[in-house]
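What's in run.txt: compact mmCIF, C-alpha atoms
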```txt
# COMPACT_ATOMS: atom_id res chain seq x y z
CA MET C 1 0.00 0.00 0.00
CA ASN C 2 1.28 3.50 -0.84
CA LYS C 3 1.87 5.72 2.17
CA LEU C 4 3.02 9.20 3.03
CA GLN C 5 6.00 8.69 5.33
CA ILE C 6 6.82 11.11 8.13
CA PRO C 7 9.82 13.31 7.22
CA ALA C 8 12.86 12.17 9.19
CA ASN C 9 13.49 15.60 10.72
CA TRP C 10 9.99 15.60 12.26
CA LEU C 11 10.97 12.83 14.65
CA ASP C 12 13.35 14.68 16.97
CA ASN C 13 13.07 18.38 16.09
CA PRO C 14 10.42 21.07 16.52
CA ILE C 15 8.23 21.08 13.41
CA ARG C 16 8.67 24.52 11.83
CA THR C 17 5.15 25.50 10.83
CA LEU C 18 3.55 28.44 9.05
CA VAL C 19 -0.22 28.93 9.31
CA TYR C 20 -1.86 31.20 6.73
CA GLY C 21 -5.27 32.45 7.82
CA ALA C 22 -6.89 32.79 11.25
CA GLY C 23 -10.55 33.23 10.30
CA GLY C 24 -13.49 30.84 10.05
CA THR C 25 -11.47 27.68 9.44
CA GLY C 26 -8.06 29.02 10.43
CA SER C 27 -9.01 29.90 14.00
CA GLN C 28 -10.41 26.38 14.49
CA VAL C 29 -7.33 24.79 12.90
CA ILE C 30 -5.03 26.86 15.12
CA ASP C 31 -7.00 25.75 18.18
CA GLN C 32 -6.68 22.06 17.23
CA LEU C 33 -3.00 22.46 16.32
CA ALA C 34 -2.28 23.94 19.74
CA SER C 35 -3.97 20.94 21.37
CA LEU C 36 -1.89 18.58 19.23
CA ASP C 37 1.28 20.52 20.13
CA ALA C 38 0.51 20.13 23.84
CA CYS C 39 -0.17 16.40 23.44
CA MET C 40 3.06 15.77 21.53
CA LYS C 41 5.09 17.60 24.17
CA GLN C 42 3.44 15.47 26.84
CA LEU C 43 4.68 12.43 24.91
CA GLY C 44 8.25 13.74 24.81
CA HIS C 45 8.26 15.23 21.32
CA PRO C 46 9.56 18.84 20.96
CA GLY C 47 6.28 19.83 19.29
CA PHE C 48 5.68 22.62 16.80
CA LYS C 49 7.37 25.98 16.20
CA VAL C 50 4.46 27.98 14.80
CA THR C 51 4.07 31.37 13.12
CA ILE C 52 0.54 32.56 12.34
CA TYR C 53 -0.06 34.98 9.45
CA ASP C 54 -3.24 37.01 9.02
CA PRO C 55 -3.68 40.73 8.18
CA ASP C 56 -7.34 40.88 9.25
CA ARG C 57 -8.82 42.30 12.43
CA VAL C 58 -11.64 40.77 14.47
CA SER C 59 -15.12 42.11 13.70
CA ARG C 60 -18.38 41.52 15.53
CA SER C 61 -19.59 39.23 12.76
CA ASN C 62 -16.72 36.86 13.57
CA ILE C 63 -17.91 36.13 17.12
CA GLY C 64 -19.30 32.65 17.67
CA ARG C 65 -18.28 31.05 14.40
CA GLN C 66 -14.63 31.94 14.89
CA ARG C 67 -12.52 31.63 18.03
CA PHE C 68 -13.02 35.23 19.18
CA THR C 69 -15.02 37.16 21.76
CA HIS C 70 -16.41 40.70 22.00
CA ALA C 71 -13.25 41.75 23.84
CA ASP C 72 -11.19 40.86 20.76
CA VAL C 73 -13.01 43.15 18.31
CA GLY C 74 -10.63 45.53 16.55
CA ASN C 75 -7.49 43.52 17.30
CA TYR C 76 -5.51 41.48 14.78
CA LYS C 77 -6.73 37.89 14.59
CA SER C 78 -3.22 36.44 14.49
CA LEU C 79 -2.17 38.46 17.54
CA VAL C 80 -5.22 37.48 19.59
CA LEU C 81 -4.94 33.77 18.89
CA CYS C 82 -1.18 33.65 19.35
CA HIS C 83 -1.23 35.46 22.69
CA ARG C 84 -4.17 33.39 23.92
CA ILE C 85 -2.52 30.08 23.05
CA ASN C 86 0.82 31.12 24.51
CA ALA C 87 -0.85 32.17 27.75
CA PHE C 88 -2.99 29.02 27.97
CA TYR C 89 -0.32 26.43 27.12
CA GLY C 90 2.88 28.28 27.96
CA PHE C 91 4.04 28.14 24.32
CA ASP C 92 6.21 30.59 22.41
CA TRP C 93 4.27 30.70 19.12
CA ASP C 94 4.74 33.79 16.94
CA TYR C 95 2.43 35.84 14.74
CA ARG C 96 2.58 38.29 11.86
CA THR C 97 -0.05 40.81 10.78
CA GLU C 98 0.61 40.38 7.07
CA LYS C 99 -0.40 37.79 4.49
CA GLY C 100 2.80 35.79 4.72
CA PRO C 101 5.63 35.01 2.30
CA MET C 102 4.78 33.41 -1.02
CA ARG C 103 8.09 31.53 -1.14
CA VAL C 104 9.07 29.50 1.91
CA ALA C 105 12.38 27.96 2.93
CA GLY C 106 13.51 26.21 6.06
CA VAL C 107 9.91 25.26 6.82
CA ASP C 108 8.63 21.76 7.56
CA LEU C 109 4.88 22.34 7.31
CA VAL C 110 2.64 24.98 5.73
CA ILE C 111 -1.04 25.10 6.70
CA SER C 112 -3.28 27.28 4.54
CA CYS C 113 -6.79 28.28 5.58
CA THR C 114 -7.56 30.98 3.08
CA ASP C 115 -10.57 31.71 0.88
CA LEU C 116 -8.47 32.83 -2.08
CA ALA C 117 -8.14 30.18 -4.78
CA ILE C 118 -5.71 32.39 -6.64
CA PHE C 119 -3.40 32.37 -3.58
CA ARG C 120 -3.19 28.59 -3.66
CA ALA C 121 -2.30 28.55 -7.34
CA ALA C 122 0.37 31.24 -6.98
CA PHE C 123 1.78 29.64 -3.83
CA ALA C 124 2.11 26.27 -5.55
CA LYS C 125 3.83 27.84 -8.55
CA ASP C 126 6.28 29.89 -6.48
CA ASN C 127 7.40 26.86 -4.46
CA ALA C 128 7.36 24.20 -7.18
CA ASN C 129 11.15 24.07 -7.46
CA SER C 130 11.92 24.23 -3.76
CA GLN C 131 14.72 21.98 -2.53
CA HIS C 132 12.85 21.09 0.67
CA ASP C 133 10.45 18.25 1.50
CA THR C 134 7.95 20.69 3.04
CA LEU C 135 4.43 19.34 3.48
CA TRP C 136 1.46 21.54 2.61
CA LEU C 137 -1.84 20.99 4.44
CA ASP C 138 -4.64 22.99 2.83
CA PHE C 139 -8.16 23.59 4.13
CA GLY C 140 -11.08 24.88 2.11
CA ASN C 141 -14.86 24.85 2.26
CA GLY C 142 -18.00 26.12 0.65
CA ASN C 143 -21.48 26.59 2.04
CA ALA C 144 -22.10 22.96 2.97
CA GLU C 145 -18.95 21.07 2.06
CA ALA C 146 -15.31 21.15 3.13
CA GLN C 147 -12.04 19.40 2.44
CA CYS C 148 -8.47 19.19 3.65
CA LEU C 149 -5.53 17.78 1.72
CA ILE C 150 -1.86 17.28 2.54
CA GLY C 151 0.92 16.81 0.00
CA HIS C 152 4.47 17.78 -0.87
CA LEU C 153 4.95 21.43 -1.75
CA SER C 154 7.97 20.90 -3.99
CA ARG C 155 7.93 19.00 -7.27
CA LYS C 156 11.47 17.75 -6.61
CA VAL C 157 10.62 15.21 -3.93
CA ALA C 158 11.04 11.47 -4.35
CA ASN C 159 7.83 9.46 -3.85
CA ARG C 160 5.91 12.70 -4.07
CA VAL C 161 2.33 13.00 -2.83
CA PRO C 162 0.39 15.67 -4.80
CA HIS C 163 -0.99 18.77 -3.11
CA ILE C 164 -4.29 20.61 -3.53
CA VAL C 165 -3.37 22.48 -6.74
CA ASP C 166 -2.02 19.32 -8.40
CA LEU C 167 -5.41 17.65 -7.99
CA TYR C 168 -7.52 20.77 -8.54
CA PRO C 169 -5.62 22.80 -11.18
CA GLU C 170 -8.78 24.79 -11.90
CA LEU C 171 -7.95 26.81 -8.75
CA ALA C 172 -5.59 28.82 -10.94
CA HIS C 173 -8.62 30.15 -12.85
CA MET C 174 -10.92 30.85 -9.92
CA GLN C 175 -11.02 34.27 -8.30
CA ARG C 176 -12.45 33.12 -4.99
CA VAL C 177 -13.94 30.17 -3.17
CA ASP C 178 -16.40 30.67 -0.36
CA GLU C 179 -14.52 29.98 2.85
CA GLU C 180 -14.71 33.40 4.39
CA GLN C 181 -16.74 35.83 2.33
CA PRO C 182 -17.30 39.11 4.15
CA SER C 183 -20.50 39.25 6.18
CA CYS C 184 -22.09 42.25 7.79
CA SER C 185 -23.49 40.11 10.62
CA ALA C 186 -22.97 36.80 12.38
CA ASP C 187 -26.56 35.91 11.47
CA GLU C 188 -25.80 36.25 7.77
CA ALA C 189 -22.65 34.13 8.06
CA LEU C 190 -24.40 31.36 9.99
CA ARG C 191 -27.35 31.26 7.60
CA ARG C 192 -24.95 30.84 4.70
CA GLN C 193 -22.75 28.21 6.29
CA PRO C 194 -23.49 25.52 8.94
CA TRP C 195 -21.88 26.28 12.28
CA PRO C 196 -20.02 22.93 12.74
CA ILE C 197 -18.32 22.80 9.34
CA ASN C 198 -15.15 24.75 10.16
CA ARG C 199 -14.47 22.89 13.38
CA GLU C 200 -15.23 19.48 11.87
CA ILE C 201 -12.82 19.85 8.96
CA ALA C 202 -10.18 21.35 11.27
CA MET C 203 -10.32 18.25 13.45
CA LYS C 204 -10.05 15.95 10.42
CA GLY C 205 -7.00 17.76 9.05
CA ILE C 206 -5.10 18.02 12.34
CA GLY C 207 -6.10 14.40 12.95
CA MET C 208 -4.03 13.47 9.89
CA LEU C 209 -1.01 15.14 11.50
CA TRP C 210 -1.64 13.16 14.70
CA THR C 211 -1.66 9.91 12.75
CA LEU C 212 1.47 10.87 10.83
CA LEU C 213 3.31 11.68 14.06
CA ARG C 214 2.13 8.69 16.08
CA GLU C 215 2.18 5.99 13.39
CA GLY C 216 4.90 7.39 11.15
CA ALA C 217 2.83 7.22 7.96
CA LEU C 218 -0.54 7.99 6.37
CA ASP C 219 -2.38 5.75 3.91
CA TYR C 220 -4.72 8.62 2.96
CA HIS C 221 -3.93 12.31 2.54
CA GLY C 222 -7.25 14.06 2.29
CA VAL C 223 -10.77 14.25 3.65
CA GLN C 224 -13.87 15.45 1.80
CA MET C 225 -16.92 16.21 3.92
CA ARG C 226 -20.50 17.24 3.25
CA MET C 227 -22.90 18.43 5.93
CA ASN C 228 -26.33 17.80 4.38
CA PRO C 229 -26.63 14.91 3.95
CA LEU C 230 -23.66 14.12 6.18
CA SER C 231 -20.95 12.21 4.33
CA LEU C 232 -17.21 11.71 4.70
CA ASN C 233 -14.73 10.41 2.14
CA THR C 234 -10.97 9.99 2.36
CA MET C 235 -8.45 10.50 -0.44
CA PRO C 236 -6.20 7.40 -0.66
CA ILE C 237 -2.54 7.72 -1.50
CA ASP C 238 -3.02 5.98 -4.79
CA PRO C 239 -1.79 6.94 -8.29
CA ALA C 240 -4.93 5.47 -9.87
CA THR C 241 -7.09 7.79 -7.77
CA TRP C 242 -4.89 10.76 -8.64
CA GLU C 243 -5.24 9.98 -12.34
CA PHE C 244 -9.00 10.29 -11.94
CA TYR C 245 -8.32 13.95 -11.07
CA GLY C 246 -6.01 14.31 -14.07
CA TYR C 247 -2.74 14.09 -12.14
CA THR C 248 -0.12 11.57 -13.25
CA GLY C 249 3.00 13.13 -11.82
CA LYS C 250 4.98 12.35 -14.98
CA LYS C 251 5.97 15.97 -15.46
CA THR C 252 6.58 16.75 -11.82
CA ARG C 253 7.89 13.70 -10.02
CA ARG C 254 11.61 13.21 -9.86
CA ALA C 255 14.07 12.31 -7.15
CA ALA C 256 15.63 15.09 -5.09
```
Hey, can you dump this file as C-alpha cells for me?
Amino acid sequence: MNKLQIPANWLDNPIRTLVYGAGGTGSQVIDQLASLDACMKQLGHPGFKVTIYDPDRVSRSNIGRQRFTHADVGNYKSLVLCHRINAFYGFDWDYRTEKGPMRVAGVDLVISCTDLAIFRAAFAKDNANSQHDTLWLDFGNGNAEAQCLIGHLSRKVANRVPHIVDLYPELAHMQRVDEEQPSCSADEALRRQPWPINREIAMKGIGMLWTLLREGALDYHGVQMRMNPLSLNTMPIDPATWEFYGYTGKKTRRAA
C-alpha cells in the first residue's frame, strides 16, 4: 500500500510550521494544532514551532463562528490567537499581521486556511522548485462542504504525494472560493454556512497530523466532507485515484 511517510526531521526536532489564515477555518485549525502541540510535548516530542499569518482584524460578525469574543473586536486575529494560546499552554508561538511570504524555505509544514483560490495557485507555482520536502496541508470549504488535503509542496521530492493544486488545477482560474466571504453580521454568516463545518474539517485535518506523528505514515492524505446529507470520504494515496483527477506526476515527479 502506498503511504506518506513522516519526514525524518519531524521525529526529533520542533516542526517549523507556518499557518496562513486565522478566520473561520483558520481559528479552528489553530486551536486544534495547539492541542496537538501540547499532546506531543506530553509524549516527549519537541512539538511545533508555529508562526501565524493574518492581516485581518476581528469584527463583531466573527464572534461565535470563529474563536473570538467581544473583547477581541478591533485587534488582529493572528495576535489574539497567538497570545491566547501562549498564555494558555505556555508556548512561544509567533504571529505576523501580514499575508505571509509566497516563497518559503527552512519550513517543515505549511497550513493554509484561506478563501483565495488564486493564492493557492500562486503559492504552488512559487514553491514548485523548492529543494525542501515541506508538506502543505490545505483547508477549504464552501457553504455545505469542506475538504483538507496534505501533499508535498515541492515537485522535486522522491515518492511525491500531490498537493491541492495538483489535484484541482482549476484553482488557478478561480477568483475566490467561499470559505470566508465578508458578512455584515454573524446571522448572515451562519445562515450561509453551517456552524459545525469549520471545526469538523479542522479536526479531520489536524487528525491526519496526529496519525502521521504517532504511526509514522498515512495511507490517505485528504478528507472530503458534506454536511447535508452528512458524508465523509478519504483520499487514498493511490496513483490510480490521482489519475481520476487528471494528475499523473509524470511531469513533476523526480528524485531530489
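You will find CA of Thr97 (chain C) at 5.3 Å from CA of Asp54 (chain C).
Residue nearest Thr17 (chain C), chosen from C:Asp72, C:Asp108, C:Asp56, C:Asp92 and counting only C-alpha atoms: C:Asp108.
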Next item on the list: Provide the CA of Asp133 (chain C) to CA of Lys77 (chain C) distance in Å, to one decimal place.
Entry: 29.2 Å
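CA of Gly205 (chain C) lies 17.3 Å from CA of Leu230 (chain C).
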Note to self: Report as a ChimeraX atom specification all protein, DNA and RNA residues lying within 8 Å of His163 (chain C), evaluated on all atoms listed in the file, omitting residues in the same chain fewer than 4 positions from it.
What the structure shows: /C:136-137,149-153,167
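Contact shell of Cys148 (chain C) at 6 Å (only C-alpha atoms; same-chain neighbours under 4 positions omitted): Asp138, Phe139, Gly205, Gly222 and Val223 of chain C.
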Residues at most 10 Å from Ile201 (chain C), counting all atoms listed in the file, excluding those fewer than 3 positions away in the same chain, as a PDB file with C-alpha atoms, in the frame of the given file?
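New file part.pdb:
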```
ATOM      1  CA  THR C  25     -11.470  27.680   9.440  1.00  0.00           C
ATOM      2  CA  GLN C  28     -10.410  26.380  14.490  1.00  0.00           C
ATOM      3  CA  VAL C  29      -7.330  24.790  12.900  1.00  0.00           C
ATOM      4  CA  PHE C 139      -8.160  23.590   4.130  1.00  0.00           C
ATOM      5  CA  GLY C 140     -11.080  24.880   2.110  1.00  0.00           C
ATOM      6  CA  ASN C 141     -14.860  24.850   2.260  1.00  0.00           C
ATOM      7  CA  GLU C 145     -18.950  21.070   2.060  1.00  0.00           C
ATOM      8  CA  ALA C 146     -15.310  21.150   3.130  1.00  0.00           C
ATOM      9  CA  GLN C 147     -12.040  19.400   2.440  1.00  0.00           C
ATOM     10  CA  CYS C 148      -8.470  19.190   3.650  1.00  0.00           C
ATOM     11  CA  PRO C 196     -20.020  22.930  12.740  1.00  0.00           C
ATOM     12  CA  ILE C 197     -18.320  22.800   9.340  1.00  0.00           C
ATOM     13  CA  ASN C 198     -15.150  24.750  10.160  1.00  0.00           C
ATOM     14  CA  LYS C 204     -10.050  15.950  10.420  1.00  0.00           C
ATOM     15  CA  GLY C 205      -7.000  17.760   9.050  1.00  0.00           C
ATOM     16  CA  ILE C 206      -5.100  18.020  12.340  1.00  0.00           C
ATOM     17  CA  GLY C 207      -6.100  14.400  12.950  1.00  0.00           C
ATOM     18  CA  VAL C 223     -10.770  14.250   3.650  1.00  0.00           C
ATOM     19  CA  GLN C 224     -13.870  15.450   1.800  1.00  0.00           C
ATOM     20  CA  MET C 225     -16.920  16.210   3.920  1.00  0.00           C
ATOM     21  CA  ARG C 226     -20.500  17.240   3.250  1.00  0.00           C
TER      22      ARG C 226
END
```
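For the residues C:Tyr245, C:Asn2, C:Phe88, C:Val58, ranking by smallest atom-to-atom distance to Gly74 (chain C) using all atoms listed in the file places C:Val58 first.
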Next item on the list: Show which residues sit within 9 Å of Val73 (chain C), as JSON, numbers by chain. Count all atoms listed in the file, and ignore same-chain residues fewer than 5 positions away.
Entry: {"C": [57, 58, 59, 60, 62, 63, 68]}
With the cut-off set at 12 Å and counting all atoms listed in the file, tabulate each residue of region 194-220 of chain C with an atom at most that distance from an atom of region 33-47 of chain C, showing the nearest atom pair and its distance in Å to one decimal, ordered by chain and increasing number, as JSON lines.
```
{"residue": "C:Arg199", "atom": "CA", "partner": "C:Leu33", "partner_atom": "CA", "distance": 11.8}
{"residue": "C:Ala202", "atom": "CA", "partner": "C:Leu33", "partner_atom": "CA", "distance": 8.8}
{"residue": "C:Met203", "atom": "CA", "partner": "C:Leu33", "partner_atom": "CA", "distance": 8.9}
{"residue": "C:Lys204", "atom": "CA", "partner": "C:Leu33", "partner_atom": "CA", "distance": 11.3}
{"residue": "C:Gly205", "atom": "CA", "partner": "C:Leu33", "partner_atom": "CA", "distance": 9.5}
{"residue": "C:Ile206", "atom": "CA", "partner": "C:Leu33", "partner_atom": "CA", "distance": 6.3}
{"residue": "C:Gly207", "atom": "CA", "partner": "C:Leu36", "partner_atom": "CA", "distance": 8.6}
{"residue": "C:Met208", "atom": "CA", "partner": "C:Leu36", "partner_atom": "CA", "distance": 10.9}
{"residue": "C:Leu209", "atom": "CA", "partner": "C:Leu36", "partner_atom": "CA", "distance": 8.5}
{"residue": "C:Trp210", "atom": "CA", "partner": "C:Leu36", "partner_atom": "CA", "distance": 7.1}
{"residue": "C:Thr211", "atom": "CA", "partner": "C:Leu36", "partner_atom": "CA", "distance": 10.8}
{"residue": "C:Leu212", "atom": "CA", "partner": "C:Met40", "partner_atom": "CA", "distance": 11.9}
{"residue": "C:Leu213", "atom": "CA", "partner": "C:Met40", "partner_atom": "CA", "distance": 8.5}
{"residue": "C:Arg214", "atom": "CA", "partner": "C:Met40", "partner_atom": "CA", "distance": 9.0}
```
Could I see region 88-99 of chain C restored to all heavy atoms, set down as a short mmCIF file (atom, residue, chain, number, x, y, z; two decimals), in the frame of the given file?
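Result file out29.cif:
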```
data_model
loop_
_atom_site.label_atom_id
_atom_site.label_comp_id
_atom_site.auth_asym_id
_atom_site.auth_seq_id
_atom_site.Cartn_x
_atom_site.Cartn_y
_atom_site.Cartn_z
N PHE C 88 -2.28 30.21 27.50
CA PHE C 88 -2.99 29.02 27.97
C PHE C 88 -2.05 27.83 28.12
O PHE C 88 -2.10 27.10 29.12
CB PHE C 88 -4.11 28.69 26.98
CG PHE C 88 -5.04 27.61 27.47
CD1 PHE C 88 -6.09 27.92 28.32
CD2 PHE C 88 -4.89 26.30 27.07
CE1 PHE C 88 -6.96 26.93 28.77
CE2 PHE C 88 -5.75 25.31 27.50
CZ PHE C 88 -6.79 25.63 28.37
N TYR C 89 -1.17 27.61 27.13
CA TYR C 89 -0.32 26.43 27.12
C TYR C 89 1.12 26.70 27.57
O TYR C 89 1.88 25.76 27.79
CB TYR C 89 -0.26 25.83 25.72
CG TYR C 89 -1.54 25.16 25.27
CD1 TYR C 89 -2.39 25.79 24.35
CD2 TYR C 89 -1.91 23.90 25.73
CE1 TYR C 89 -3.56 25.18 23.91
CE2 TYR C 89 -3.07 23.28 25.31
CZ TYR C 89 -3.89 23.93 24.39
OH TYR C 89 -5.04 23.30 23.95
N GLY C 90 1.50 27.97 27.66
CA GLY C 90 2.88 28.28 27.96
C GLY C 90 3.80 28.10 26.77
O GLY C 90 4.99 27.80 26.92
N PHE C 91 3.27 28.28 25.56
CA PHE C 91 4.04 28.14 24.32
C PHE C 91 4.76 29.45 24.00
O PHE C 91 4.56 30.48 24.66
CB PHE C 91 3.13 27.78 23.15
CG PHE C 91 2.53 26.40 23.21
CD1 PHE C 91 1.51 26.03 22.34
CD2 PHE C 91 2.98 25.46 24.12
CE1 PHE C 91 0.96 24.77 22.38
CE2 PHE C 91 2.43 24.18 24.17
CZ PHE C 91 1.41 23.84 23.30
N ASP C 92 5.56 29.39 22.93
CA ASP C 92 6.21 30.59 22.41
C ASP C 92 5.92 30.74 20.91
O ASP C 92 6.81 31.07 20.13
CB ASP C 92 7.71 30.59 22.68
CG ASP C 92 8.41 29.40 22.03
OD1 ASP C 92 7.72 28.49 21.54
OD2 ASP C 92 9.66 29.39 22.01
N TRP C 93 4.67 30.50 20.51
CA TRP C 93 4.27 30.70 19.12
C TRP C 93 4.45 32.18 18.75
O TRP C 93 4.45 33.06 19.61
CB TRP C 93 2.82 30.30 18.93
CG TRP C 93 2.56 28.83 18.90
CD1 TRP C 93 3.38 27.83 19.33
CD2 TRP C 93 1.38 28.19 18.42
NE1 TRP C 93 2.79 26.61 19.17
CE2 TRP C 93 1.56 26.81 18.60
CE3 TRP C 93 0.19 28.66 17.87
CZ2 TRP C 93 0.58 25.87 18.23
CZ3 TRP C 93 -0.79 27.74 17.51
CH2 TRP C 93 -0.58 26.36 17.68
N ASP C 94 4.55 32.43 17.45
CA ASP C 94 4.74 33.79 16.94
C ASP C 94 3.61 34.14 15.99
O ASP C 94 2.84 33.26 15.56
CB ASP C 94 6.09 33.87 16.22
CG ASP C 94 6.59 35.30 16.09
OD1 ASP C 94 5.92 36.22 16.59
OD2 ASP C 94 7.66 35.48 15.47
N TYR C 95 3.48 35.40 15.65
CA TYR C 95 2.43 35.84 14.74
C TYR C 95 2.96 36.97 13.87
O TYR C 95 3.94 37.65 14.19
CB TYR C 95 1.20 36.32 15.51
CG TYR C 95 1.40 37.66 16.19
CD1 TYR C 95 1.04 38.85 15.55
CD2 TYR C 95 1.99 37.74 17.46
CE1 TYR C 95 1.24 40.08 16.16
CE2 TYR C 95 2.20 38.96 18.07
CZ TYR C 95 1.83 40.12 17.42
OH TYR C 95 2.04 41.35 18.01
N ARG C 96 2.29 37.18 12.74
CA ARG C 96 2.58 38.29 11.86
C ARG C 96 1.25 38.86 11.37
O ARG C 96 0.32 38.10 11.10
CB ARG C 96 3.43 37.85 10.65
CG ARG C 96 4.81 37.33 11.01
CD ARG C 96 5.73 38.47 11.44
NE ARG C 96 7.09 38.00 11.65
CZ ARG C 96 7.55 37.53 12.80
NH1 ARG C 96 6.74 37.45 13.85
NH2 ARG C 96 8.81 37.14 12.92
N THR C 97 1.20 40.16 11.22
CA THR C 97 -0.05 40.81 10.78
C THR C 97 0.01 41.14 9.29
O THR C 97 -0.49 42.18 8.85
CB THR C 97 -0.31 42.08 11.61
OG1 THR C 97 0.82 42.95 11.48
CG2 THR C 97 -0.54 41.74 13.06
N GLU C 98 0.62 40.25 8.52
CA GLU C 98 0.61 40.38 7.07
C GLU C 98 0.18 39.05 6.46
O GLU C 98 -0.08 38.09 7.18
CB GLU C 98 1.98 40.80 6.53
CG GLU C 98 3.09 39.84 6.88
CD GLU C 98 3.96 40.31 8.05
OE1 GLU C 98 3.50 41.15 8.83
OE2 GLU C 98 5.08 39.82 8.18
N LYS C 99 0.11 38.99 5.15
CA LYS C 99 -0.40 37.79 4.49
C LYS C 99 0.56 36.61 4.54
O LYS C 99 0.14 35.47 4.40
CB LYS C 99 -0.74 38.11 3.03
CG LYS C 99 -1.91 39.07 2.88
CD LYS C 99 -2.23 39.34 1.42
CE LYS C 99 -3.42 40.27 1.29
NZ LYS C 99 -3.76 40.55 -0.14
#
```
